[in-house]
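Engineer: I have a structure here, written as structure tokens, and I will follow up with some questions on it.
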Amino acid sequence: MTPYDLVLTPRGLRFMGRLYPCSIGKGGPSPDKHEGDGATPCGVHRIVGMLYRPDRMPAPAPWAVPIGPRDLWSDDPTLPGYNRHVKAPFAGSHERLRRADPLYDLVLLTDWNWPDAQPGRGSAIFIHQWRRPGFPTEGCLGLSRQNLRYISTHIGIGSRFIVPPFPALRK
């Protein structure tokens, strides 16, 4: 492991020698992630992209991609665009990336079930802003806005996000 790895521990997310409070999926860490279980998948994942709201913040890194009004994420396992960034109009099940709340103002994309998504394994494990401390996600990792912003300025494409199988974290 390197200091630039994002490592989930029972006490928070370790990055560059510091621990950051975080929220994980309501289903806890799982070595057997599947669609709709609310779990955070165990394993070594890579950061493959960064999205941000240009109307709410400047780009945190040169490789960050702005989120526009038509940007969506497909979570429809019956369509070829499953677990991919798509544009509206989109007939399948999806999640809006440009939200009224600040959860997706800054999003780090992981390679969970990507780029060759397998239906049923679950879509989109993002690292995004939490609702509030201790409030679980649907499987993603949540951080405070300040900590997410700091981390996003210090990582790059290919940085590792490591989720060990901690039985004590399981719900």
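Residues are named by chain letter and number: chains run A, B, ... in the order of the structure tokens, numbers start at 1 in each chain, and ligands are numbered from 1 in the order shown.
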Taking 3 positions as the minimum chain separation for residues in the same chain, which residues sit within 12 Å of A:Asp101 when counting only C-alpha atoms? Answer as a count of residues only.

Structural biologist: 12

Engineer: Give me the residues within 10 Å of stretch 17-29 of chain A as an NGL selection string, counting only C-alpha atoms and dropping any in the same chain fewer than 2 places off.

Structural biologist: :A and (2-9 or 11-15 or 31-33 or 36-43 or 125 or 127-144 or 147-148 or 151 or 163-171)

Engineer: Which parts of stretch 32-97 of chain A does DSSP call strand (DSSP E or B) when run on the backbone here, written out as a PyMOL selection string?

Structural biologist: chain A and resi 40-41+43-52+65-66+71-74+85-87+94-96

Engineer: Which residue gives the smallest distance to A:Arg149 among A:Gly68, A:Ser123, A:Met57, A:Leu79, with only C-alpha atoms counted?

Structural biologist: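 Of the candidates, the smallest distance to A:Arg149 is held by A:Met57.
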
Engineer: May I have the residues within 8 Å of A:Glu35 as a short mmCIF file (atom, residue, chain, number, x, y, z; two decimals) with C-alpha atoms, in the first residue's frame, using only C-alpha atoms and disregarding those fewer than 4 positions away in the same chain?

Structural biologist:
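out.cif, written as the output of this step:
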```
data_model
loop_
_atom_site.label_atom_id
_atom_site.label_comp_id
_atom_site.auth_asym_id
_atom_site.auth_seq_id
_atom_site.Cartn_x
_atom_site.Cartn_y
_atom_site.Cartn_z
CA GLY A 120 -26.78 -8.05 -11.15
CA ARG A 121 -23.33 -7.21 -9.69
CA GLY A 122 -24.38 -3.66 -8.88
CA SER A 123 -23.78 -0.34 -10.51
#
```

Engineer: Near A:Gly156, within 12 Å and counting only C-alpha atoms, which residues show up once chain neighbours fewer than 6 positions away are dropped, as a list in words?

Structural biologist: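 My list of contacting residues is Tyr4, Asp5, Leu6, Arg46, Ile47, Val48, Gly49, Met50, Pro60, Ala61, Pro62, Trp63, Ala64, Leu108, Leu109 and Thr110 of chain A.
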
Engineer: Per DSSP on the backbone, filter stretch 69-156 of chain A down to the residues in alpha helix (DSSP H) and report them as a list in words.

Structural biologist: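 Taking stretch 69-156 of chain A and keeping alpha helix (DSSP H) only, one gets Arg145, Gln146, Asn147, Leu148, Arg149, Tyr150, Ile151 and Ser152 of chain A.
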
Engineer: Please, what distance in Å, to one decimal, runs between atom CA of A:Ser159 and atom CA of A:Glu95?

Structural biologist: 24.9 Å

Engineer: Just the number, please: distance in Å from atom CA of A:Pro115 to atom CA of A:Pro10, one decimal.

Structural biologist: 29.1 Å

Engineer: Go through A:Pro89, A:Met1, A:Trp112, A:Met16 one by one, measure the shortest atom-to-atom distance of each to A:His154 using only C-alpha atoms, and give the residue with the smallest value.

Structural biologist: A:Met16

Engineer: So the first atom is atom CA of A:Ala124 and the second is atom CA of A:Thr78; what is the distance between them in Å, to one decimal place?

Structural biologist: 15.4 Å

Engineer: With only C-alpha atoms as the basis for distance, which of A:Val86, A:Ile162, A:Val44, A:Ala91 is at the shortest distance from A:Trp73?

Structural biologist: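 Ranked by minimum distance to A:Trp73, first place goes to A:Val86.
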